[in-house]
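Heads up: the structure comes next, in structure tokens.
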Amino acid sequence: NEITGKRKMIERFRNFFSNVTNNTEKNLYASKLSVELGIDKEVLMGELGNFSLVQRKYKKYLKKDFNSKCAYCNVSDEQITTPFEIDHFVPSKICEEYNRHDLITDYSNLIYSCKKCNLAKSDLYNGSRIPEELSNDRFYNPIDVDYNNIFYRNIIGGIDSQDIKGRNMIVDLKLYRVFHNYAWISEELFRVRSEIDSKIDKIPVGDAKRIKLLEVQRIITNEAIKYKKLFQKVYNK
């Protein structure tokens with residue numbers, strides 16, 4: 001059909017864009033294809049291979065909007081060595097299929113995500129198939145919904161939920177994986193250490209209470225680092 005034909009053409013030109021570095025050639029091909037498909041050239045450029053430019057433009061703002069944490073699992077981007085990515089809440093595959101190329105670079109459809117969550121979510125989609133009404137009802141949109149009202153940490157630091165959709169999300173996003181426990185435990189230990197640091201600063205040098213707190217600080221710091229390294233080791237497998 002017409003949509004399938006457009007998708008094949010876009011895919012063919014995307015492959016071209018990924019192998020050609022000459023901007024003049026890219027612009028000529030984009031101009032030609034935009035006329036054939038009836039798609040705005042700027043939208044098409046973003047779709048065909050310049051999404052990396054959009055990433056560079058938007059990523060720093062997404063990082064700020066999501067407090068430097070993955071919108072889905074809440075892990076801090078400072079906890080891992082793997083760069084964070086940009087997820088499309090309505091998957092780009094769906095946007096292409098229903099001729100909504102504008103959503104691929106629409107800021108409201110972009111989510112700050114760690115690599116594991118972005119990979120797990122992938123093209124999963126449940127929702128309207130009407131182009132003007134695309135909405136991914138399979139997941140709670142972290143832009144609109146406070147995940148603290150959906151998820152909580154159980155006694156061993158795992159991500160849990162009493163909400164049916166929330167539980168399904170845990171399965172879809174693989175939030176049950178043990179490295180999420182390690183990340184949370186590490187962050188909590190660093191948070192406690194920060195509180196101890198504040199108390200130590202208020203106690204005179206040589207005071208017995210300060211000495212005891214310094215020892216506690218040392219133990220907590222070592223445990224926090226241990227869990228952080230364990231998290232990174234498992235995450236990067």
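Please note that chains go A, B, ... in the order of the structure tokens, that every chain numbers its residues from 1, and that ligands are numbered from 1 in the order shown.
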Would you list, as a VMD selection string, the residues of segment 19-177 of chain A that end up in strand (DSSP E) under DSSP run on this structure's backbone? chain A and resid 85 to 88 110 to 113 152 to 153 159 to 160
Near segment 160-177 of chain A, within 10 Å and counting only C-alpha atoms, which residues show up once chain neighbours fewer than 6 positions away are dropped, as a VMD selection string? chain A and resid 72 to 73 116 to 122 124 137 to 140 147 to 154 234 to 235
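The spacing separating atom CA of Thr82 of chain A from atom CA of Asp65 of chain A amounts to 19.6 Å.
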If you count only C-alpha atoms, the residue of A:Glu97, A:Glu132, A:Asp123, A:Asp144 closest to Ala71 of chain A turns out to be A:Asp144
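The closest residue to Gly127 of chain A, picked from A:Leu33, A:Val192, A:Ile94, A:Ile219 and counting only C-alpha atoms, is A:Ile94.
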What is the distance between atom CA of Asn27 of chain A and atom CA of Ile104 of chain A, in Å to one decimal? 19.1 Å
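Interatomic distance, atom CA of Ser128 of chain A to atom CA of Leu103 of chain A: 14.6 Å.
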Select from segment 31-227 of chain A everything DSSP, run on the backbone, classes as alpha helix (DSSP H), then give the selection as a PyMOL selection string. chain A and resi 31-37+41-48+51-65+92-97+115-121+164-172+179-201+208-227
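Among A:Ile80, A:Val35, A:Leu213, A:Ile155, the residue with the shortest atom-to-atom distance to Lys229 of chain A, counting only C-alpha atoms, is A:Ile80.
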